[in-house]
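**Student:** Take a look at coords_24.tsv, TSV, C-alpha atoms:
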chain	number	residue	atom	x	y	z
A	1	MET	CA	-62.87	87.27	130.89
A	2	SER	CA	-61.57	84.79	133.42
A	3	GLY	CA	-62.14	81.88	131.02
A	4	ARG	CA	-64.66	80.12	133.28
A	5	LEU	CA	-67.88	79.57	131.32
A	6	ASP	CA	-69.76	78.62	134.50
A	7	ALA	CA	-69.15	82.17	135.76
A	8	LEU	CA	-71.32	83.64	132.98
A	9	PRO	CA	-74.86	84.97	133.62
A	10	ASP	CA	-77.60	82.35	133.95
A	11	SER	CA	-79.80	83.48	131.05
A	12	PRO	CA	-78.77	81.76	127.78
A	13	SER	CA	-79.48	84.95	125.84
A	14	ASP	CA	-77.31	87.02	128.19
A	15	ARG	CA	-74.56	84.42	128.09
A	16	ALA	CA	-74.62	84.42	124.32
A	17	GLN	CA	-74.51	88.18	124.16
A	18	LEU	CA	-71.56	88.34	126.55
A	19	LEU	CA	-69.69	85.65	124.63
A	20	PHE	CA	-70.44	87.33	121.32
A	21	ARG	CA	-69.06	90.66	122.55
A	22	THR	CA	-66.04	88.89	124.02
A	23	VAL	CA	-65.30	87.15	120.74
A	24	ALA	CA	-65.60	90.43	118.88
A	25	LYS	CA	-63.27	92.23	121.28
A	26	LEU	CA	-60.71	89.40	121.25
A	27	ALA	CA	-60.79	89.32	117.48
A	28	ALA	CA	-59.83	92.96	117.23
A	29	ASN	CA	-57.52	93.09	120.23
A	30	LEU	CA	-55.30	90.31	118.89
A	31	ARG	CA	-53.81	92.76	116.46
A	32	GLY	CA	-55.29	96.16	117.29
A	33	ASP	CA	-56.07	96.86	113.62
A	34	GLY	CA	-59.36	94.97	113.39
A	35	HIS	CA	-57.93	91.84	111.74
A	36	TYR	CA	-57.19	88.39	113.09
A	37	ASP	CA	-53.72	86.94	113.39
A	38	ALA	CA	-52.79	83.41	112.39
A	39	ASP	CA	-53.68	81.66	115.66
A	40	VAL	CA	-57.06	83.27	116.22
A	41	GLY	CA	-58.86	79.92	115.93
A	42	THR	CA	-56.81	78.46	118.77
A	43	ARG	CA	-57.39	81.48	120.96
A	44	ILE	CA	-61.12	81.91	120.64
A	45	GLY	CA	-62.27	78.61	119.13
A	46	PRO	CA	-63.70	77.24	122.44
A	47	LEU	CA	-65.65	80.43	123.00
A	48	VAL	CA	-67.11	80.23	119.50
A	49	MET	CA	-68.19	76.61	119.98
A	50	ARG	CA	-69.93	77.49	123.24
A	51	LEU	CA	-71.55	80.49	121.60
A	52	GLY	CA	-72.91	78.27	118.83
A	53	GLU	CA	-74.55	76.04	121.43
A	54	LEU	CA	-76.19	78.97	123.23
A	55	GLU	CA	-77.28	80.93	120.17
A	56	PRO	CA	-77.27	78.84	116.98
A	57	SER	CA	-78.18	81.83	114.80
A	58	LEU	CA	-74.79	83.38	115.55
A	59	ALA	CA	-72.78	80.25	114.85
A	60	GLY	CA	-72.81	80.80	111.08
A	61	PRO	CA	-71.37	84.35	111.05
A	62	ILE	CA	-68.78	83.44	113.67
A	63	GLY	CA	-67.82	80.34	111.73
A	64	ASP	CA	-67.48	82.43	108.60
A	65	ALA	CA	-65.26	84.81	110.51
A	66	LEU	CA	-62.96	82.02	111.63
A	67	GLY	CA	-62.91	80.40	108.21
A	68	HIS	CA	-61.93	83.55	106.31
A	69	LEU	CA	-59.41	85.34	108.45
A	70	PRO	CA	-59.01	88.68	106.60
A	71	ASP	CA	-62.78	89.17	106.55
A	72	GLY	CA	-63.39	88.00	110.10
A	73	PRO	CA	-64.11	91.30	111.82
A	74	THR	CA	-66.20	92.41	108.85
A	75	SER	CA	-68.39	89.36	109.33
A	76	LEU	CA	-68.91	90.19	113.00
A	77	VAL	CA	-69.72	93.82	112.28
A	78	THR	CA	-72.17	92.73	109.59
A	79	VAL	CA	-74.13	90.86	112.24
A	80	HIS	CA	-74.38	93.98	114.40
A	81	ALA	CA	-75.33	96.16	111.45
A	82	ALA	CA	-78.12	93.73	110.53
A	83	ASP	CA	-79.37	93.83	114.13
A	84	LEU	CA	-80.18	97.53	113.66
A	85	SER	CA	-83.38	96.43	111.90
A	86	ARG	CA	-84.60	94.25	114.79
A	87	ASN	CA	-86.42	95.21	118.01
A	88	CYS	CA	-85.34	98.14	120.18
A	89	THR	CA	-83.47	96.08	122.79
A	90	ILE	CA	-81.40	94.34	120.13
A	91	ARG	CA	-80.81	97.61	118.27
A	92	LEU	CA	-79.43	99.21	121.43
A	93	ARG	CA	-77.07	96.27	121.95
A	94	ALA	CA	-76.02	96.48	118.31
A	95	ILE	CA	-75.25	100.19	118.63
A	96	ASP	CA	-73.09	99.48	121.69
A	97	ALA	CA	-71.18	96.80	119.79
A	98	LEU	CA	-70.73	98.97	116.70
A	99	LEU	CA	-69.43	101.81	118.84
A	100	GLU	CA	-66.85	99.45	120.34
A	101	TRP	CA	-65.74	98.45	116.86
A	102	ALA	CA	-65.67	102.06	115.72
A	103	GLU	CA	-63.45	102.87	118.68
A	104	LEU	CA	-61.06	100.21	117.39
A	105	GLY	CA	-61.07	101.94	113.99
A	106	HIS	CA	-63.18	99.46	112.04
A	107	PRO	CA	-64.35	101.19	108.82
A	108	GLN	CA	-67.50	99.11	108.34
A	109	ALA	CA	-68.67	99.87	111.88
A	110	ARG	CA	-68.10	103.56	111.24
A	111	ALA	CA	-70.05	103.35	108.00
A	112	ALA	CA	-72.98	101.61	109.74
A	113	LEU	CA	-73.05	104.27	112.46
A	114	SER	CA	-72.85	107.05	109.89
A	115	GLU	CA	-75.90	105.59	108.20
A	116	VAL	CA	-77.76	105.71	111.52
A	117	ALA	CA	-76.77	109.33	112.11
A	118	SER	CA	-77.69	110.40	108.59
A	119	ASP	CA	-81.43	109.81	108.81
A	120	HIS	CA	-83.24	110.46	112.09
A	121	ARG	CA	-86.59	109.65	110.46
A	122	THR	CA	-85.84	105.91	110.21
A	123	GLN	CA	-84.35	105.48	113.68
A	124	ASP	CA	-85.76	104.96	117.15
A	125	VAL	CA	-84.82	108.07	119.11
A	126	THR	CA	-82.99	106.13	121.84
A	127	VAL	CA	-80.84	104.32	119.28
A	128	TRP	CA	-80.21	107.49	117.33
A	129	THR	CA	-79.19	109.61	120.31
A	130	LYS	CA	-76.93	106.86	121.64
A	131	ALA	CA	-75.04	106.95	118.36
A	132	LEU	CA	-74.90	110.75	118.35
A	133	ASN	CA	-73.46	110.79	121.87
A	134	ARG	CA	-70.30	109.25	120.35
A	135	ILE	CA	-70.39	111.12	117.05
A	136	ALA	CA	-66.67	111.94	117.26
A	137	LEU	CA	-65.86	108.25	116.73
A	138	PHE	CA	-67.34	108.08	113.26
A	139	GLY	CA	-68.79	111.40	112.14
A	140	ASP	CA	-67.48	113.19	109.06
A	141	ALA	CA	-68.80	115.35	106.23
A	142	SER	CA	-71.02	112.50	105.02
A	143	VAL	CA	-73.42	112.96	107.95
A	144	GLU	CA	-73.73	116.75	107.70
A	145	GLN	CA	-76.85	116.88	105.52
A	146	GLY	CA	-78.65	114.34	107.68
A	147	LEU	CA	-77.82	116.18	110.88
A	148	LEU	CA	-78.91	119.52	109.44
A	149	ARG	CA	-82.19	117.92	108.37
A	150	ALA	CA	-82.66	116.52	111.89
A	151	LEU	CA	-81.83	119.92	113.38
A	152	ALA	CA	-84.53	121.56	111.28
A	153	ASP	CA	-87.07	119.03	112.60
A	154	THR	CA	-87.66	120.92	115.85
A	155	GLN	CA	-90.44	118.56	116.94
A	156	HIS	CA	-88.10	115.56	116.97
A	157	ARG	CA	-87.28	114.39	120.48
A	158	GLY	CA	-83.60	114.12	119.58
A	159	VAL	CA	-83.15	117.67	118.30
A	160	ARG	CA	-80.95	118.55	121.31
A	161	TRP	CA	-78.48	115.82	120.25
A	162	SER	CA	-78.59	117.05	116.66
A	163	ALA	CA	-77.33	120.44	117.82
A	164	LEU	CA	-74.57	118.97	119.97
A	165	ALA	CA	-73.44	116.59	117.22
A	166	CYS	CA	-73.21	119.43	114.70
A	167	ALA	CA	-71.13	121.42	117.19
A	168	GLU	CA	-68.89	118.45	117.95
A	169	LEU	CA	-68.13	118.05	114.24
A	170	GLY	CA	-67.85	121.79	113.57
A	171	PHE	CA	-70.68	122.05	111.04
A	172	ARG	CA	-71.03	125.84	111.06
A	173	ARG	CA	-73.99	125.83	108.70
A	174	ALA	CA	-75.92	124.63	111.76
A	175	VAL	CA	-75.38	127.84	113.75
A	176	PRO	CA	-78.51	129.71	112.52
A	177	LEU	CA	-80.69	126.66	113.19
A	178	ILE	CA	-79.19	126.26	116.67
A	179	ASN	CA	-79.71	129.96	117.40
A	180	ALA	CA	-83.39	129.39	116.60
A	181	LEU	CA	-83.51	126.52	119.11
A	182	LEU	CA	-82.83	129.04	121.89
A	183	GLU	CA	-86.55	129.87	121.60
A	184	HIS	CA	-87.66	126.23	121.80
A	185	PRO	CA	-90.39	125.52	124.41
A	186	ASP	CA	-88.38	122.64	125.95
A	187	PRO	CA	-85.74	123.94	128.40
A	188	MET	CA	-83.58	120.86	127.76
A	189	VAL	CA	-83.41	121.81	124.10
A	190	ARG	CA	-82.59	125.45	124.95
A	191	GLU	CA	-79.87	124.28	127.31
A	192	GLY	CA	-78.41	121.98	124.63
A	193	ALA	CA	-78.47	124.82	122.11
A	194	CYS	CA	-76.51	127.02	124.53
A	195	GLU	CA	-73.96	124.24	125.01
A	196	ALA	CA	-73.60	123.73	121.26
A	197	LEU	CA	-73.12	127.45	120.60
A	198	GLY	CA	-70.45	127.56	123.29
A	199	LEU	CA	-68.59	124.77	121.47
A	200	PHE	CA	-68.78	126.72	118.21
A	201	GLU	CA	-67.37	129.85	119.95
A	202	GLU	CA	-69.26	131.87	117.37
A	203	PRO	CA	-69.56	135.62	118.20
A	204	VAL	CA	-72.65	135.96	116.00
A	205	SER	CA	-74.57	134.05	118.69
A	206	ILE	CA	-73.82	136.54	121.48
A	207	PRO	CA	-77.13	138.50	121.25
A	208	ALA	CA	-79.22	135.31	121.26
A	209	LEU	CA	-77.29	133.90	124.21
A	210	ALA	CA	-77.57	137.23	126.05
A	211	ALA	CA	-81.36	136.89	125.89
A	212	ARG	CA	-81.10	133.44	127.53
A	213	LEU	CA	-79.50	135.05	130.60
A	214	ASN	CA	-83.11	135.97	131.41
A	215	ASP	CA	-84.43	132.45	130.77
A	216	GLU	CA	-87.09	131.20	133.17
A	217	THR	CA	-85.06	128.04	133.83
A	218	ASN	CA	-81.99	128.27	136.02
A	219	TRP	CA	-79.86	125.69	134.20
A	220	VAL	CA	-80.51	127.39	130.86
A	221	ARG	CA	-79.31	130.71	132.32
A	222	SER	CA	-76.20	128.96	133.64
A	223	ARG	CA	-75.43	127.27	130.33
A	224	ALA	CA	-75.93	130.54	128.42
A	225	ALA	CA	-73.45	132.29	130.71
A	226	LEU	CA	-70.95	129.44	130.28
A	227	ALA	CA	-71.32	129.62	126.50
A	228	LEU	CA	-70.63	133.36	126.52
A	229	GLY	CA	-67.51	132.68	128.57
A	230	GLN	CA	-66.41	130.08	126.00
A	231	ILE	CA	-66.98	132.49	123.12
A	232	GLY	CA	-64.93	135.15	124.90
A	233	GLY	CA	-64.04	138.59	123.62
A	234	ASP	CA	-65.05	142.07	124.71
A	235	ARG	CA	-68.67	141.80	123.57
A	236	ALA	CA	-69.37	138.62	125.50
A	237	LEU	CA	-67.64	139.99	128.60
A	238	ALA	CA	-69.64	143.23	128.41
A	239	VAL	CA	-72.90	141.24	128.26
A	240	LEU	CA	-71.98	139.15	131.29
A	241	TRP	CA	-70.72	142.11	133.30
A	242	GLN	CA	-73.85	144.13	132.55
A	243	ALA	CA	-76.07	141.23	133.57
A	244	MET	CA	-74.25	140.82	136.88
A	245	MET	CA	-74.35	144.53	137.67
A	246	GLU	CA	-78.01	144.97	136.76
A	247	ARG	CA	-79.36	141.88	138.50
A	248	ARG	CA	-77.29	142.21	141.68
A	249	ASN	CA	-78.43	138.71	142.51
A	250	PRO	CA	-76.29	136.93	145.12
A	251	LYS	CA	-77.35	133.58	143.60
A	252	ALA	CA	-76.01	134.51	140.15
A	253	ASN	CA	-72.89	132.41	140.59
A	254	HIS	CA	-73.12	131.33	136.95
A	255	LEU	CA	-72.40	134.93	135.93
A	256	ALA	CA	-69.46	135.19	138.30
A	257	SER	CA	-68.01	131.90	137.05
A	258	ALA	CA	-68.41	132.91	133.41
A	259	ILE	CA	-66.69	136.25	134.02
A	260	ALA	CA	-63.87	134.47	135.86
A	261	ALA	CA	-63.28	132.37	132.72
A	262	PHE	CA	-61.88	135.50	131.03
A	263	GLY	CA	-58.89	135.19	133.38
A	264	PRO	CA	-56.27	137.88	134.16
A	265	PRO	CA	-57.94	140.72	132.18
A	266	VAL	CA	-60.92	140.79	134.58
A	267	VAL	CA	-59.08	140.42	137.89
A	268	ASP	CA	-58.49	144.12	138.55
A	269	ASP	CA	-62.14	144.97	137.86
A	270	LEU	CA	-63.29	142.16	140.16
A	271	ILE	CA	-60.94	143.36	142.92
A	272	ALA	CA	-62.43	146.84	142.57
A	273	LEU	CA	-65.91	145.32	142.81
A	274	THR	CA	-65.08	143.84	146.23
A	275	THR	CA	-65.26	147.42	147.57
A	276	ASP	CA	-68.67	148.18	146.04
A	277	PRO	CA	-71.30	149.43	148.52
A	278	ASP	CA	-73.63	146.56	147.53
A	279	PRO	CA	-72.91	143.40	149.59
A	280	ASP	CA	-74.46	141.21	146.87
A	281	LEU	CA	-71.96	142.44	144.31
A	282	ARG	CA	-69.07	142.07	146.75
A	283	ALA	CA	-70.06	138.47	147.38
A	284	LEU	CA	-70.27	137.70	143.65
A	285	ALA	CA	-66.90	139.37	143.07
A	286	CYS	CA	-65.35	137.20	145.78
A	287	ARG	CA	-66.64	134.01	144.21
A	288	ALA	CA	-65.45	135.07	140.78
A	289	LEU	CA	-62.01	136.00	142.08
A	290	GLY	CA	-61.66	132.59	143.67
A	291	SER	CA	-62.31	130.93	140.31
A	292	THR	CA	-59.53	132.96	138.68
A	293	ALA	CA	-56.99	131.66	141.23
A	294	ASP	CA	-54.93	134.75	140.38
A	295	ASP	CA	-52.17	135.87	142.77
A	296	ARG	CA	-53.61	139.37	142.83
A	297	ALA	CA	-56.96	138.08	144.07
A	298	LEU	CA	-55.73	136.50	147.30
A	299	PRO	CA	-55.08	139.65	149.40
A	300	ALA	CA	-58.50	141.09	148.50
A	301	LEU	CA	-60.21	137.83	149.39
A	302	GLU	CA	-58.32	137.55	152.67
A	303	ARG	CA	-59.40	141.07	153.67
A	304	ARG	CA	-63.05	140.35	152.91
A	305	ALA	CA	-62.89	136.99	154.71
A	306	ALA	CA	-61.50	138.64	157.84
A	307	HIS	CA	-63.55	141.82	158.02
A	308	ASP	CA	-66.62	141.94	155.76
A	309	LEU	CA	-69.52	140.93	158.01
A	310	ALA	CA	-72.20	142.57	155.88
A	311	ARG	CA	-75.07	140.34	154.81
A	312	THR	CA	-76.37	139.78	151.30
A	313	THR	CA	-80.09	139.96	150.51
A	314	LEU	CA	-80.24	136.20	151.08
A	315	GLY	CA	-78.77	136.56	154.57
A	316	GLY	CA	-75.31	135.17	153.89
A	317	LEU	CA	-72.13	136.95	154.94
A	318	VAL	CA	-69.80	138.49	152.37
A	319	ALA	CA	-67.01	137.05	154.51
A	320	THR	CA	-68.38	133.57	153.86
A	321	ALA	CA	-68.33	134.16	150.11
A	322	ALA	CA	-64.73	135.36	150.42
A	323	LYS	CA	-63.76	132.22	152.33
A	324	GLN	CA	-65.39	130.11	149.63
A	325	GLY	CA	-63.42	132.06	147.05
A	326	LEU	CA	-60.18	131.41	148.91
A	327	ARG	CA	-60.88	127.69	149.13
A	328	THR	CA	-61.63	127.57	145.41
A	329	ALA	CA	-58.44	129.46	144.58
A	330	HIS	CA	-56.27	127.23	146.76
A	331	ARG	CA	-57.87	124.10	145.31
A	332	ILE	CA	-57.25	125.23	141.73
A	333	ARG	CA	-53.67	126.25	142.51
A	334	ALA	CA	-52.96	122.93	144.23
A	335	ARG	CA	-54.35	121.00	141.27
A	336	THR	CA	-52.29	123.09	138.84
A	337	THR	CA	-49.14	122.52	140.88
A	338	SER	CA	-49.68	118.76	141.05
A	339	THR	CA	-50.00	118.48	137.28
Could you spell out this file's structure in structure tokens?

**Tutor:**
Amino acid sequence: MSGRLDALPDSPSDRAQLLFRTVAKLAANLRGDGHYDADVGTRIGPLVMRLGELEPSLAGPIGDALGHLPDGPTSLVTVHAADLSRNCTIRLRAIDALLEWAELGHPQARAALSEVASDHRTQDVTVWTKALNRIALFGDASVEQGLLRALADTQHRGVRWSALACAELGFRRAVPLINALLEHPDPMVREGACEALGLFEEPVSIPALAARLNDETNWVRSRAALALGQIGGDRALAVLWQAMMERRNPKANHLASAIAAFGPPVVDDLIALTTDPDPDLRALACRALGSTADDRALPALERRAAHDLARTTLGGLVATAAKQGLRTAHRIRARTTST
């Protein structure tokens, strides 16, 4: 903050909220470990007095914080934790504040957030999913049972976030439940399940993900292909390669990208595919080769860019796909060099 109180928002409630968050951040930032140092009263006293004028209900907890230095941050976090039982707008603000404290390592904030994540039945879905989006800040084994229970509740609007949170924390008991979500009627849930299974890198999910390569929704097909690429291994590669060869769809860039993720082992096969009689497959091979950025790929791409004027079933030139592949390869190589 600049220190000018007249620069704050006009609404008293907004001004109080901004001041409250500022006090909380200053309190922790003074010593980075969530506790005040000796001159905290001098540093934030004027802010606290102004806050008390704008929002009298907060003056007591802030005063307690200043009066008992070791417990100061705990007093502030207690206010936010209590706000989780108020209306939705206040609960969302409280979650934001608790996440900031959790990021600073405050144990009570982490405990409050863990309680939110542990029981989806008592939480507004927007509050609950906001907490789960930052599950890495506070999640541990204590939330596993609650997340598995939420994952089994397939009608809950936050089930997608349940799957992703379990994957983020590595709760492998969730894998069968997430596999089942691949059949969920909501494409957003199916897409989230694919993403979660990719994070697990669990080979047992390969058959279920292979079926999603035929999903009616494009972004689900793309995420399933990406997940197979993350899982890796010969089985996943065989599934992706078979799908690309059978569909011969020039728009199946998600398959080409996923195959490219396997890196050097697939380059020779992709180079060979650039000579296939089917222009659609040649175009896909060119795009995949570009994503590998492998030295061996460049001569094959340059030849196709210069001479392959055949058209795919969508009317595009194979040469254009090769040029796109070259641009991708050069961009990746330049980025790698700069880092």

**Student:** Go ahead and find all residues with at least one atom no further than 8 Å from (-65.2, 127.2, 139.9) in the file's coordinates, using all atoms listed in the file; report them as a list in words.

**Tutor:**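 Those residues, ordered by chain and then number, are Ser257, Ala288, Gly290, Ser291 and Thr328 of chain A.
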
**Student:** Select, from A:Arg110, A:His184, A:Arg335, A:His254, the residue with the minimum atom-to-atom distance to Asp153 (chain A), counting all atoms listed in the file.

**Tutor:**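 Residue with the minimum atom-to-atom distance to Asp153 (chain A): A:His184.
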
**Student:** Would you please work out which residue, of A:Leu270, A:Phe138, A:Asn179, A:Ala285, is nearest to Leu104 (chain A) when using all atoms listed in the file?

**Tutor:**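 That would be A:Phe138, the residue with the smallest distance to Leu104 (chain A).
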
**Student:** To one decimal place, how far is CA of Arg149 (chain A) from CA of Ala236 (chain A) in Å?

**Tutor:** 29.8 Å

**Student:** Applying 8 Å and only C-alpha atoms, which residues near Ala150 (chain A) remain after dropping the ones on its own chain fewer than 6 positions away? List them as a count of residues only.

**Tutor:** 5

**Student:** Nearest to Ala167 (chain A): which of A:Leu113, A:Ala208, A:Leu151, A:Leu84 is it, counting only C-alpha atoms?

**Tutor:**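 When distances to Ala167 (chain A) are compared using only C-alpha atoms, the smallest one comes from A:Leu151.
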
**Student:** Please, what distance in Å, to one decimal, runs between CA of Trp161 (chain A) and CA of Ala82 (chain A)?

**Tutor:**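 Computed distance, CA of Trp161 (chain A) to CA of Ala82 (chain A), equals 24.1 Å.
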
**Student:** Would you please work out which residue, of A:Leu314, A:Ile178, A:Val204, A:Ala165, is nearest to Leu132 (chain A) when using only C-alpha atoms?

**Tutor:**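 Among the listed residues, the smallest separation from Leu132 (chain A) belongs to A:Ala165.
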
**Student:** Step by step, gather every atom of region 211-224 of chain A that the file lists, find the box along x, y and z that holds them, add 5 Å on each side, and finally give centre and edge lengths in Å to one decimal, as lines of an AutoDock Vina configuration file.

**Tutor:**
center_x = -81.3
center_y = 131.3
center_z = 131.0
size_x = 21.7
size_y = 21.2
size_z = 20.1

**Student:** Which residues are near region 299-310 of chain A? Cut-off 6 Å, only C-alpha atoms, ignore same chain within fewer than 2 positions. Put them as a list in words.

**Tutor:**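 The neighbour list is Ala297, Leu317, Val318, Ala319, Ala322 and Lys323 of chain A.
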
**Student:** Could you name the residues that touch Arg296 (chain A) at 12 Å or less, counting all atoms listed in the file, but leaving out those on the same chain fewer than 3 positions away, as a list of chain:residue names?

**Tutor:**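 My list of contacting residues is A:Gly263, A:Pro264, A:Pro265, A:Val266, A:Val267, A:Asp268, A:Asp269, A:Leu270, A:Ile271, A:Ala272, A:Leu289, A:Gly290, A:Thr292, A:Ala293, A:Pro299, A:Ala300, A:Leu301, A:Glu302, A:Leu326, A:Ala329.
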
**Student:** Go ahead and save the picked residues with C-alpha atoms, as a tab-separated table (two decimals), in the frame of the given file.

**Tutor:**
chain	number	residue	atom	x	y	z
A	263	GLY	CA	-58.89	135.19	133.38
A	264	PRO	CA	-56.27	137.88	134.16
A	265	PRO	CA	-57.94	140.72	132.18
A	266	VAL	CA	-60.92	140.79	134.58
A	267	VAL	CA	-59.08	140.42	137.89
A	268	ASP	CA	-58.49	144.12	138.55
A	269	ASP	CA	-62.14	144.97	137.86
A	270	LEU	CA	-63.29	142.16	140.16
A	271	ILE	CA	-60.94	143.36	142.92
A	272	ALA	CA	-62.43	146.84	142.57
A	289	LEU	CA	-62.01	136.00	142.08
A	290	GLY	CA	-61.66	132.59	143.67
A	292	THR	CA	-59.53	132.96	138.68
A	293	ALA	CA	-56.99	131.66	141.23
A	299	PRO	CA	-55.08	139.65	149.40
A	300	ALA	CA	-58.50	141.09	148.50
A	301	LEU	CA	-60.21	137.83	149.39
A	302	GLU	CA	-58.32	137.55	152.67
A	326	LEU	CA	-60.18	131.41	148.91
A	329	ALA	CA	-58.44	129.46	144.58

**Student:** Rounded to one decimal in Å, what is the spacing between CA of Trp128 (chain A) and CA of Thr78 (chain A)?

**Tutor:**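 Separating CA of Trp128 (chain A) from CA of Thr78 (chain A) is a distance of 18.5 Å.
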
**Student:** Nearest residue to Ala321 (chain A) out of A:Thr122, A:Gln230, A:Asn218, A:Asn253, using only C-alpha atoms?

**Tutor:** A:Asn253

**Student:** Out of A:Gln145, A:Thr217, A:Thr89, A:Thr274, which residue has the shortest atom-to-atom distance to Val189 (chain A) when counting only C-alpha atoms?

**Tutor:**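 When distances to Val189 (chain A) are compared using only C-alpha atoms, the smallest one comes from A:Thr217.
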
**Student:** Given the point (-80.9, 126.7, 127.8) in the file's coordinates, find the residues that have an atom at most 9 Å from it, counting only C-alpha atoms, and give them as a list in words.

**Tutor:**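 The distance filter leaves exactly Leu182, Glu183, Asp186, Pro187, Met188, Val189, Arg190, Glu191, Gly192, Ala193, Cys194, Glu195, Leu209, Arg212, Leu213, Asp215, Thr217, Asn218, Trp219, Val220, Arg221, Ser222, Arg223 and Ala224 of chain A.
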
**Student:** Would you put the residues from that selection into a file with C-alpha atoms, as a short mmCIF file (atom, residue, chain, number, x, y, z; two decimals), in the frame of the given file?

**Tutor:**
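To be explicit, this is the file written out as again.cif:
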data_model
loop_
_atom_site.label_atom_id
_atom_site.label_comp_id
_atom_site.auth_asym_id
_atom_site.auth_seq_id
_atom_site.Cartn_x
_atom_site.Cartn_y
_atom_site.Cartn_z
CA LEU A 182 -82.83 129.04 121.89
CA GLU A 183 -86.55 129.87 121.60
CA ASP A 186 -88.38 122.64 125.95
CA PRO A 187 -85.74 123.94 128.40
CA MET A 188 -83.58 120.86 127.76
CA VAL A 189 -83.41 121.81 124.10
CA ARG A 190 -82.59 125.45 124.95
CA GLU A 191 -79.87 124.28 127.31
CA GLY A 192 -78.41 121.98 124.63
CA ALA A 193 -78.47 124.82 122.11
CA CYS A 194 -76.51 127.02 124.53
CA GLU A 195 -73.96 124.24 125.01
CA LEU A 209 -77.29 133.90 124.21
CA ARG A 212 -81.10 133.44 127.53
CA LEU A 213 -79.50 135.05 130.60
CA ASP A 215 -84.43 132.45 130.77
CA THR A 217 -85.06 128.04 133.83
CA ASN A 218 -81.99 128.27 136.02
CA TRP A 219 -79.86 125.69 134.20
CA VAL A 220 -80.51 127.39 130.86
CA ARG A 221 -79.31 130.71 132.32
CA SER A 222 -76.20 128.96 133.64
CA ARG A 223 -75.43 127.27 130.33
CA ALA A 224 -75.93 130.54 128.42
#

**Student:** Neighbours of region 169-175 of chain A within 9 Å (all atoms listed in the file; same-chain residues fewer than 3 positions away dropped), as a list in words?

**Tutor:**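 Neighbouring residues, sequence-local ones excluded: Ile135, Ala136, Gly139, Asp140, Ala141, Glu144, Leu147, Leu148, Leu151, Ala163, Leu164, Ala165, Cys166, Ile178, Asn179, Ala180, Ala196, Leu197, Leu199, Phe200, Glu202, Val204 and Ser205 of chain A.
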
**Student:** Generate the coordinates of N, CA and C atoms for region 86-98 of chain A; report them as a PDB file, in the frame of the given file.

**Tutor:**
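Resulting contents of part24.pdb:
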ATOM      1  N   ARG A  86     -83.797  95.121 113.922  1.00  0.00           N
ATOM      2  CA  ARG A  86     -84.600  94.250 114.790  1.00  0.00           C
ATOM      3  C   ARG A  86     -85.267  95.081 115.876  1.00  0.00           C
ATOM      4  N   ASN A  87     -85.682  94.452 116.991  1.00  0.00           N
ATOM      5  CA  ASN A  87     -86.420  95.210 118.010  1.00  0.00           C
ATOM      6  C   ASN A  87     -85.496  96.157 118.769  1.00  0.00           C
ATOM      7  N   CYS A  88     -86.103  97.047 119.564  1.00  0.00           N
ATOM      8  CA  CYS A  88     -85.340  98.140 120.180  1.00  0.00           C
ATOM      9  C   CYS A  88     -84.224  97.638 121.078  1.00  0.00           C
ATOM     10  N   THR A  89     -84.497  96.607 121.874  1.00  0.00           N
ATOM     11  CA  THR A  89     -83.470  96.080 122.790  1.00  0.00           C
ATOM     12  C   THR A  89     -82.262  95.583 122.010  1.00  0.00           C
ATOM     13  N   ILE A  90     -82.508  94.860 120.942  1.00  0.00           N
ATOM     14  CA  ILE A  90     -81.400  94.340 120.130  1.00  0.00           C
ATOM     15  C   ILE A  90     -80.684  95.478 119.414  1.00  0.00           C
ATOM     16  N   ARG A  91     -81.440  96.473 118.941  1.00  0.00           N
ATOM     17  CA  ARG A  91     -80.810  97.610 118.270  1.00  0.00           C
ATOM     18  C   ARG A  91     -79.877  98.367 119.217  1.00  0.00           C
ATOM     19  N   LEU A  92     -80.292  98.514 120.462  1.00  0.00           N
ATOM     20  CA  LEU A  92     -79.430  99.210 121.430  1.00  0.00           C
ATOM     21  C   LEU A  92     -78.151  98.421 121.681  1.00  0.00           C
ATOM     22  N   ARG A  93     -78.264  97.110 121.776  1.00  0.00           N
ATOM     23  CA  ARG A  93     -77.070  96.270 121.950  1.00  0.00           C
ATOM     24  C   ARG A  93     -76.174  96.373 120.715  1.00  0.00           C
ATOM     25  N   ALA A  94     -76.801  96.399 119.550  1.00  0.00           N
ATOM     26  CA  ALA A  94     -76.020  96.480 118.310  1.00  0.00           C
ATOM     27  C   ALA A  94     -75.269  97.807 118.225  1.00  0.00           C
ATOM     28  N   ILE A  95     -75.925  98.894 118.644  1.00  0.00           N
ATOM     29  CA  ILE A  95     -75.250 100.190 118.630  1.00  0.00           C
ATOM     30  C   ILE A  95     -74.047 100.165 119.564  1.00  0.00           C
ATOM     31  N   ASP A  96     -74.214  99.584 120.751  1.00  0.00           N
ATOM     32  CA  ASP A  96     -73.090  99.480 121.690  1.00  0.00           C
ATOM     33  C   ASP A  96     -71.923  98.725 121.054  1.00  0.00           C
ATOM     34  N   ALA A  97     -72.235  97.607 120.409  1.00  0.00           N
ATOM     35  CA  ALA A  97     -71.180  96.800 119.790  1.00  0.00           C
ATOM     36  C   ALA A  97     -70.510  97.553 118.642  1.00  0.00           C
ATOM     37  N   LEU A  98     -71.305  98.221 117.814  1.00  0.00           N
ATOM     38  CA  LEU A  98     -70.730  98.970 116.700  1.00  0.00           C
ATOM     39  C   LEU A  98     -69.859 100.121 117.197  1.00  0.00           C
TER      40      LEU A  98
END
